[in-house]
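Participant: I have a structure here, written as structure tokens, and I will follow up with some questions on it.
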Amino acid sequence: MKILAIETSCDETAAAIVEEKNGVPVIISNVVSSQMKAHTGFGGVVPNLAARLHTENLPIVLEEVTQKQKLKFDAVAVTAGPGLVGCLLVGVAAAKTIAMAGDLPFYAINHLEGHTYSAWLNDEVPELPALVVIVSGKHTDLVLMTRHLRYQHLGRTRDDAAGEAFDKVARLLGLGYPGGPAISELAKHGDPKAFKFPIGLPEKTNLEFSFSGLKAAVAYHVVQQPAHIPEHIKADIAASFEQTVADTICRKTVAALDQHPEVKTVCLVGGVAANNRLRSELEKAVHLHQPSRQFIVAPKQFCTDNAAMVGAAALFHHRFGQPDDWKNVEADPNLGL
């Protein structure tokens with residue numbers, strides 16, 4: 001089974017062809033067209049602009065990923081939500097058209113489920129049950145995956161997601177957009193212990209996240225600085241902020257493992273999973289909690305939005321579920337996992 005997958009939930013126009021070999025997804029072709037330069041001047045993603053660029057870019061991406069139709073596929077998958085509704089509509093409409101024209105099986109995939117299955121685009125296959133730590137621009141979630149296609153939310157953010165906090169702190173420091181890479185680069189030159197920032201909802205049994213207090217604390221310290229903040233102070237703030245985000249996620253993950261000792265694997269996925277400090281700190285925390293437990297982090301090229309992860313999820317829907325009726329599928333910006 002070869003699946004053509006499409007992803008247009010935010011500001012990446014992506015398509016991929018993925019097939020199953022020996023029970024794991026294998027990427028045949030993968031193309032991502034980023035809109036980052038188009039949105040940088042606005043300090044964030046402009047929804048209408050993003051949707052228009054998807055309309056322009058998707059035919060080009062599809063032609064490239066199929067190598068002008070020389071690569072064939074047996075089914076179509078698309079991100080149906082959550083995401084920006086105008087962006088989702090572009091991908092869903094294209095996928096429906098392809099499925100209808102070719103009379104092909106159709107799979108509507110949840111964006112968070114796609115991120116989850118990015119952990120399967122690895123040399124090492126996760127064992128279930130798994131604790132999936134989803135850290136992205138709009139989501140910071142702890143999800144218990146008991147078996148394929150079965151998920152239980154253990155905790156999620158009550159306000160800003162970690163990725164949003166990175167972007168907002170980057171703006172406070174005058175670093176521009178996107179904030180995550182900019183803060184990480186600056187943090188390399190700073191002291192992560194220079195500032196003591198708070199961890200939101202610190203109660204040991206609380207698995208919910210909150211980053212609004214952290215953002216406010218950073219803003220307070222920035223206001224206390226001179227008009228032109230010295231670079232070494234900026235670096236210290238960035239490093240301390242980045243460390244606090246990592247410490248918060250580590251604390252909540254370990255608390256979830258205490259409550260669910262049956263977990264065999266911890267999977268770190270999502271755009272912020274590309275952050276080196278978070279990757280290393282969470283791996284240390286997981287192995288300190290139980291050295292034999294698997295820790296798998298999605299490859300960096302599959303942390304940010306891409307269609308290969310959507311195709312991977314669709315392969316497991318083909319294996320353990322059933323196709324969707326494309327006539328009944330609509331783009332849903334609030335689609336739940």
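Ordered as shown in the structure tokens, chains take letters A, B, and onward, while each chain numbers its residues from 1 and ligands are numbered from 1 in the order shown.
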So that I can check the secondary structure, give me every residue of stretch 142-276 of chain A assigned alpha helix (DSSP H) by backbone DSSP, as a PyMOL selection string.
Facilitator: chain A and resi 162-172+179-187+212-223+231-259+276
Participant: For atom CA of A:Trp120 and atom CA of A:Val297, determine how far apart the two atoms are, in Å to one decimal place.
Facilitator: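 Rounded to one decimal, the two atoms are 9.4 Å apart.
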Participant: Nearest to A:Tyr107: which of A:Ile237, A:Ala77, A:Val90, A:Ala165 is it, counting only C-alpha atoms?
Facilitator: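 Closest to A:Tyr107 of all the choices is A:Ala77.
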Participant: Using only C-alpha atoms, can you tell me which of A:Leu121, A:Leu53, A:Ile60, A:Ile28 comes closest to A:Cys267?
Facilitator: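 With only C-alpha atoms as the atom set, the closest residue is A:Leu121.
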Participant: Contacts of A:Ile6 at 6 Å or less, counting only C-alpha atoms, minus same-chain residues fewer than 3 places along, as a list in words?
Facilitator: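 Everything that qualifies: Ala14, Ala15, Val78 and Ala307 of chain A.
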Participant: Using only C-alpha atoms, can you tell me which of A:Glu231, A:Glu124, A:Asp325, A:Glu330 comes closest to A:Asp103?
Facilitator: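 Among the listed residues, the smallest separation from A:Asp103 belongs to A:Asp325.
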Participant: Can you list, as a ChimeraX atom specification, all residues belonging to stretch 67-209 of chain A that DSSP tags as strand (DSSP E)?
Facilitator: /A:75-81,106-110,130-135,140-147,150-156
Participant: Identify, on the basis of only C-alpha atoms, every residue whose closest approach to A:Asn276 does not exceed 12 Å; exclude the query and any residue fewer than 5 positions from it along the same chain; express the result as a list in words.
Facilitator: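 My reading of the contact set: Gly180, Pro181, Ile183, Ser184, Glu185, Ala187, Lys188, Ala239, Glu242, Gln243, Ala246, Leu268, Gly271, Glu281, Leu282, Glu283, Val297, Pro299 and Lys300 of chain A.
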Participant: My list of candidates is A:Glu12, A:Glu56, A:Asp167, A:Asp123. Which is closest to A:Gly44 when distances are computed with only C-alpha atoms?
Facilitator: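 For A:Gly44, the nearest of the candidates is A:Asp167.
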Participant: Nearest to A:Pro25: which of A:Val329, A:Val254, A:Ala75, A:Leu315 is it, counting only C-alpha atoms?
Facilitator: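 That would be A:Leu315, the residue with the smallest distance to A:Pro25.
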Participant: Using only C-alpha atoms, can you tell me which of A:Met145, A:Leu172, A:Ala255, A:Ile98 comes closest to A:Val223?
Facilitator: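 That would be A:Leu172, the residue with the smallest distance to A:Val223.
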Participant: Do a neighbour search on A:Gly174 at 12 Å with only C-alpha atoms, toss out local chain neighbours closer than 3 positions, and write the hits as a ChimeraX atom specification.
Facilitator: /A:43,167-171,177-179,182-183,186,219,222,227-229,231,234-235,238
Participant: Take the residues from that selection and write them out as a compact mmCIF listing (two decimals), in the first residue's frame, keeping C-alpha atoms.
Facilitator:
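Result file out_8.txt:
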```txt
# COMPACT_ATOMS: atom_id res chain seq x y z
CA GLY A 43 5.97 38.44 13.15
CA ASP A 167 7.65 33.13 19.81
CA LYS A 168 6.41 35.65 22.39
CA VAL A 169 9.67 35.63 24.36
CA ALA A 170 11.61 36.05 21.12
CA ARG A 171 9.57 39.18 20.38
CA TYR A 177 10.06 35.22 13.97
CA PRO A 178 10.21 32.24 14.19
CA GLY A 179 11.16 32.42 17.84
CA ALA A 182 16.35 32.28 17.35
CA ILE A 183 16.12 31.68 21.11
CA LEU A 186 21.11 32.87 21.44
CA ALA A 219 8.60 40.16 30.39
CA VAL A 222 13.14 42.39 30.27
CA ALA A 227 16.57 50.17 26.82
CA HIS A 228 19.30 48.41 24.87
CA ILE A 229 19.74 45.10 26.67
CA GLU A 231 23.77 40.79 24.49
CA LYS A 234 19.75 38.60 26.43
CA ALA A 235 21.61 35.30 26.13
CA ALA A 238 17.06 33.09 26.53
```
Participant: So which residues touch A:Gln290 within 10 Å, counting only C-alpha atoms, skipping near sequence neighbours fewer than 2 positions away, as a PDB file with all heavy atoms, in the first residue's frame?
Facilitator:
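File selection39.pdb, as written:
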```
ATOM      1  N   VAL A 254       7.632  13.033  33.832  1.00  0.00           N
ATOM      2  CA  VAL A 254       7.970  12.101  34.921  1.00  0.00           C
ATOM      3  C   VAL A 254       6.749  11.858  35.810  1.00  0.00           C
ATOM      4  O   VAL A 254       6.503  10.725  36.245  1.00  0.00           O
ATOM      5  CB  VAL A 254       9.159  12.653  35.739  1.00  0.00           C
ATOM      6  CG1 VAL A 254       9.343  11.852  37.028  1.00  0.00           C
ATOM      7  CG2 VAL A 254      10.436  12.616  34.901  1.00  0.00           C
ATOM      8  N   LEU A 257       4.638   9.392  34.107  1.00  0.00           N
ATOM      9  CA  LEU A 257       5.213   8.044  34.193  1.00  0.00           C
ATOM     10  C   LEU A 257       4.978   7.435  35.578  1.00  0.00           C
ATOM     11  O   LEU A 257       4.767   6.227  35.698  1.00  0.00           O
ATOM     12  CB  LEU A 257       6.714   8.100  33.888  1.00  0.00           C
ATOM     13  CG  LEU A 257       7.079   8.455  32.438  1.00  0.00           C
ATOM     14  CD1 LEU A 257       8.597   8.606  32.295  1.00  0.00           C
ATOM     15  CD2 LEU A 257       6.558   7.405  31.474  1.00  0.00           C
ATOM     16  N   PRO A 261       2.939   3.459  35.191  1.00  0.00           N
ATOM     17  CA  PRO A 261       4.187   2.680  35.126  1.00  0.00           C
ATOM     18  C   PRO A 261       4.197   1.643  34.004  1.00  0.00           C
ATOM     19  O   PRO A 261       5.246   1.086  33.694  1.00  0.00           O
ATOM     20  CB  PRO A 261       4.245   2.006  36.508  1.00  0.00           C
ATOM     21  CG  PRO A 261       2.823   1.964  36.975  1.00  0.00           C
ATOM     22  CD  PRO A 261       2.190   3.213  36.433  1.00  0.00           C
ATOM     23  N   LYS A 264       5.965   1.777  28.161  1.00  0.00           N
ATOM     24  CA  LYS A 264       7.228   1.186  27.708  1.00  0.00           C
ATOM     25  C   LYS A 264       8.105   2.177  26.945  1.00  0.00           C
ATOM     26  O   LYS A 264       9.317   2.005  26.866  1.00  0.00           O
ATOM     27  CB  LYS A 264       6.948  -0.023  26.823  1.00  0.00           C
ATOM     28  CG  LYS A 264       6.267  -1.183  27.541  1.00  0.00           C
ATOM     29  CD  LYS A 264       6.040  -2.353  26.595  1.00  0.00           C
ATOM     30  CE  LYS A 264       5.379  -3.521  27.314  1.00  0.00           C
ATOM     31  NZ  LYS A 264       5.124  -4.666  26.388  1.00  0.00           N
ATOM     32  N   LYS A 284      17.378  12.433  29.467  1.00  0.00           N
ATOM     33  CA  LYS A 284      18.002  12.182  30.777  1.00  0.00           C
ATOM     34  C   LYS A 284      16.952  11.906  31.841  1.00  0.00           C
ATOM     35  O   LYS A 284      17.114  10.989  32.664  1.00  0.00           O
ATOM     36  CB  LYS A 284      18.865  13.386  31.181  1.00  0.00           C
ATOM     37  CG  LYS A 284      20.170  13.497  30.431  1.00  0.00           C
ATOM     38  CD  LYS A 284      21.091  14.541  31.040  1.00  0.00           C
ATOM     39  CE  LYS A 284      20.553  15.932  30.854  1.00  0.00           C
ATOM     40  NZ  LYS A 284      21.516  16.977  31.329  1.00  0.00           N
ATOM     41  N   ALA A 285      15.869  12.678  31.842  1.00  0.00           N
ATOM     42  CA  ALA A 285      14.824  12.509  32.857  1.00  0.00           C
ATOM     43  C   ALA A 285      14.142  11.154  32.734  1.00  0.00           C
ATOM     44  O   ALA A 285      13.874  10.487  33.745  1.00  0.00           O
ATOM     45  CB  ALA A 285      13.794  13.636  32.729  1.00  0.00           C
ATOM     46  N   VAL A 286      13.860  10.729  31.502  1.00  0.00           N
ATOM     47  CA  VAL A 286      13.193   9.441  31.277  1.00  0.00           C
ATOM     48  C   VAL A 286      14.075   8.292  31.716  1.00  0.00           C
ATOM     49  O   VAL A 286      13.629   7.360  32.399  1.00  0.00           O
ATOM     50  CB  VAL A 286      12.795   9.300  29.795  1.00  0.00           C
ATOM     51  CG1 VAL A 286      12.357   7.868  29.482  1.00  0.00           C
ATOM     52  CG2 VAL A 286      11.673  10.280  29.457  1.00  0.00           C
ATOM     53  N   HIS A 287      15.344   8.325  31.348  1.00  0.00           N
ATOM     54  CA  HIS A 287      16.248   7.226  31.693  1.00  0.00           C
ATOM     55  C   HIS A 287      16.613   7.230  33.175  1.00  0.00           C
ATOM     56  O   HIS A 287      16.893   6.175  33.746  1.00  0.00           O
ATOM     57  CB  HIS A 287      17.494   7.286  30.819  1.00  0.00           C
ATOM     58  CG  HIS A 287      17.226   6.887  29.396  1.00  0.00           C
ATOM     59  ND1 HIS A 287      18.003   7.282  28.342  1.00  0.00           N
ATOM     60  CD2 HIS A 287      16.239   6.129  28.847  1.00  0.00           C
ATOM     61  CE1 HIS A 287      17.515   6.779  27.218  1.00  0.00           C
ATOM     62  NE2 HIS A 287      16.441   6.084  27.506  1.00  0.00           N
ATOM     63  N   LEU A 288      16.613   8.408  33.797  1.00  0.00           N
ATOM     64  CA  LEU A 288      16.827   8.465  35.241  1.00  0.00           C
ATOM     65  C   LEU A 288      15.644   7.841  35.966  1.00  0.00           C
ATOM     66  O   LEU A 288      15.811   7.162  36.989  1.00  0.00           O
ATOM     67  CB  LEU A 288      17.015   9.921  35.684  1.00  0.00           C
ATOM     68  CG  LEU A 288      17.359  10.151  37.161  1.00  0.00           C
ATOM     69  CD1 LEU A 288      18.708   9.515  37.481  1.00  0.00           C
ATOM     70  CD2 LEU A 288      17.402  11.651  37.476  1.00  0.00           C
ATOM     71  N   SER A 292      15.662   1.352  31.591  1.00  0.00           N
ATOM     72  CA  SER A 292      15.336   0.425  30.516  1.00  0.00           C
ATOM     73  C   SER A 292      14.234   0.934  29.591  1.00  0.00           C
ATOM     74  O   SER A 292      13.964   0.331  28.554  1.00  0.00           O
ATOM     75  CB  SER A 292      14.907  -0.931  31.102  1.00  0.00           C
ATOM     76  OG  SER A 292      13.733  -0.780  31.889  1.00  0.00           O
ATOM     77  N   ARG A 293      13.593   2.043  29.947  1.00  0.00           N
ATOM     78  CA  ARG A 293      12.469   2.533  29.142  1.00  0.00           C
ATOM     79  C   ARG A 293      12.978   3.162  27.841  1.00  0.00           C
ATOM     80  O   ARG A 293      13.968   3.880  27.824  1.00  0.00           O
ATOM     81  CB  ARG A 293      11.653   3.549  29.938  1.00  0.00           C
ATOM     82  CG  ARG A 293      10.423   4.060  29.206  1.00  0.00           C
ATOM     83  CD  ARG A 293       9.596   4.977  30.079  1.00  0.00           C
ATOM     84  NE  ARG A 293       8.765   4.243  31.019  1.00  0.00           N
ATOM     85  CZ  ARG A 293       8.807   4.366  32.332  1.00  0.00           C
ATOM     86  NH1 ARG A 293       9.682   5.177  32.878  1.00  0.00           N
ATOM     87  NH2 ARG A 293       8.005   3.681  33.109  1.00  0.00           N
ATOM     88  N   GLN A 294      12.286   2.881  26.751  1.00  0.00           N
ATOM     89  CA  GLN A 294      12.621   3.474  25.462  1.00  0.00           C
ATOM     90  C   GLN A 294      12.361   4.973  25.469  1.00  0.00           C
ATOM     91  O   GLN A 294      11.337   5.427  25.987  1.00  0.00           O
ATOM     92  CB  GLN A 294      11.749   2.867  24.358  1.00  0.00           C
ATOM     93  CG  GLN A 294      12.377   1.815  23.498  1.00  0.00           C
ATOM     94  CD  GLN A 294      11.448   1.448  22.342  1.00  0.00           C
ATOM     95  OE1 GLN A 294      10.226   1.435  22.478  1.00  0.00           O
ATOM     96  NE2 GLN A 294      12.028   1.134  21.205  1.00  0.00           N
TER      97      GLN A 294
END
```
